[in-house]
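Note sheet for the following structure.
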Amino acid sequence: MLGHLGFSYVGLIYLLMLWIPNTIWSKNKPIDYNSSQENKILLLFERVGQVCCTCSILIFSDFNIVPFSAWSWWLITSFFLMILYEISWIRYFINEHTEENFYRSFCGIPVPGASLPVLAFLLLGIYGKVIWLIASAIIIGIGHIGIHLQHLKAIKQVI
């Protein structure tokens, strides 16, 4: 459950799947985006979770692909969630860049920009049997999903 030290190419792929659309987003933020009212405690959880997830997903080789077993379904499901995450980004980029469009649900999943990668990382931690990634995913989930829900609530109050 503690993990085996070594580079994870699967972890690198997941991080690229996160960083590339987020980098594009930073240049295409919603026109009405305002982060000044974000809860500072949730922001702390998000930042700590980001650092912990980034480190743990890269330094444990347990996430790399191994011969198929029942555990492989955790990886397959996790990767499927990351694919949905990418599709939700495409939906945002090809539509109007508003907060309402950014935070709307996708395939019935609320705040997909936060919930899909958090769930994917959690499942990847289960696949690799690495408690550090599981705990990190929970920490970032509290902050990241919490912040996204806070933004969604503010949008609904305006509408």
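To be explicit about the labels: the chains of the structure tokens are called A, B, and onward in the order shown, and within each one the residues are counted from 1, while ligands get numbers from 1 in the order they are shown.
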Each region 11-37 of chain A residue no farther than 7 Å from region 91-106 of chain A, nearest pair in Å, only C-alpha atoms, as a Markdown table:
| residue | atom | partner | partner_atom | distance |
| --- | --- | --- | --- | --- |
| A:Lys29 | CA | A:His97 | CA | 6.7 |
| A:Pro30 | CA | A:Thr98 | CA | 4.2 |
| A:Ile31 | CA | A:Thr98 | CA | 5.5 |
| A:Asp32 | CA | A:Thr98 | CA | 6.1 |
| A:Tyr33 | CA | A:Glu99 | CA | 6.1 |
Residues from last step as file, C-alpha atoms, as a short mmCIF file (atom, residue, chain, number, x, y, z; two decimals), in the first residue's frame:
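So part-v9.cif came out as:
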data_model
loop_
_atom_site.label_atom_id
_atom_site.label_comp_id
_atom_site.auth_asym_id
_atom_site.auth_seq_id
_atom_site.Cartn_x
_atom_site.Cartn_y
_atom_site.Cartn_z
CA LYS A 29 -10.67 31.65 -19.23
CA PRO A 30 -14.40 32.26 -19.04
CA ILE A 31 -15.15 35.90 -19.83
CA ASP A 32 -16.96 36.27 -16.51
CA TYR A 33 -14.43 34.31 -14.40
#
Just the residues within 12 Å of region 8-13 of chain A, please, counting only C-alpha atoms, with nothing from its chain fewer than 3 positions along; format it as a short mmCIF file (atom, residue, chain, number, x, y, z; two decimals) with C-alpha atoms, in the first residue's frame.
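The result, stored in out31.cif:
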data_model
loop_
_atom_site.label_atom_id
_atom_site.label_comp_id
_atom_site.auth_asym_id
_atom_site.auth_seq_id
_atom_site.Cartn_x
_atom_site.Cartn_y
_atom_site.Cartn_z
CA GLY A 3 4.13 1.93 -3.28
CA HIS A 4 7.36 1.09 -5.06
CA LEU A 5 9.65 3.98 -5.91
CA LEU A 16 -0.09 15.77 -19.50
CA MET A 17 -3.81 15.10 -19.91
CA LEU A 18 -4.35 17.58 -17.05
CA TRP A 19 -1.76 20.22 -17.85
CA ILE A 20 -2.31 20.64 -21.60
CA CYS A 53 -0.85 14.15 -6.53
CA THR A 54 1.87 15.38 -8.88
CA CYS A 55 4.62 13.88 -6.76
CA SER A 56 2.95 10.57 -5.96
CA ILE A 57 1.71 9.92 -9.49
CA LEU A 58 5.23 10.31 -10.89
CA ILE A 59 7.45 8.63 -8.28
CA PHE A 60 5.66 5.30 -7.87
CA SER A 61 6.00 2.72 -10.63
CA ASP A 62 2.90 0.87 -9.38
CA PHE A 63 0.72 2.83 -11.84
CA ASN A 64 2.47 1.45 -14.91
CA ILE A 65 0.70 -1.14 -17.03
CA VAL A 66 1.18 -4.76 -15.98
CA LEU A 75 -6.93 1.43 -14.55
CA ILE A 76 -9.33 1.08 -17.48
CA SER A 78 -9.66 5.57 -14.46
CA PHE A 79 -8.41 6.15 -18.00
CA MET A 82 -9.64 10.93 -18.11
CA ILE A 83 -10.94 10.54 -21.68
CA ALA A 120 -9.57 9.20 -12.14
CA PHE A 121 -6.65 9.81 -9.77
CA LEU A 124 -5.52 5.07 -10.35
CA GLY A 125 -4.39 5.04 -6.71
CA TYR A 127 -5.22 0.30 -9.21
CA GLY A 128 -1.64 0.89 -8.06
CA LEU A 133 -2.21 8.85 -4.31
#
Long-range neighbours of Gly143 (chain A) as number ranges by chain, 12 Å cut-off, only C-alpha atoms, 4 positions minimum in chain = A: 38-50, 114-115, 118, 136-139, 147-150
Q: Just list the residues in chain A DSSP gives helix (DSSP H, G or I) on the backbone, as an NGL selection string.
A: :A and (9-26 or 40-59 or 61-63 or 72-94 or 99-103 or 112-128 or 131-158)
Between CA of Asn22 (chain A) and CA of Ile126 (chain A) lies a distance of 24.9 Å
For Lys129 (chain A), the closest of A:Pro21, A:Lys153, A:Trp71, A:Asn28 counting only C-alpha atoms is A:Trp71
Practice problem: Go ahead and compute the interatomic distance for CA of Ile87 (chain A) and CA of Cys52 (chain A), in Å to one decimal. | Solution: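 Between CA of Ile87 (chain A) and CA of Cys52 (chain A) the gap works out to 25.4 Å.
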*Leaving out Tyr85 (chain A) and any residue of its chain fewer than 5 positions from it, which residues lie within 8 Å of it when counting only C-alpha atoms, given as a list in words?*
Pro112, Gly113, Leu116 and Pro117 of chain A
Across A:Leu119, A:Ile24, A:Val111, A:Val130, the smallest distance to Ile145 (chain A), with only C-alpha atoms counted, is shown by A:Val111
ask   = Which value, in Å to one decimal, gives the distance between CA of Glu86 (chain A) and CA of Lys27 (chain A)?
value =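 Between these atoms lies a distance of 17.0 Å.
Proximity of A:His144, A:Ile134, A:Ala154, A:Phe68 to Leu2 (chain A), computed with only C-alpha atoms, is greatest for A:Ile134.
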Hey, what does DSSP flag as strand (DSSP E or B) within chain A? Can you give it to me as a PyMOL selection string?
chain A and resi 5+60+106+109
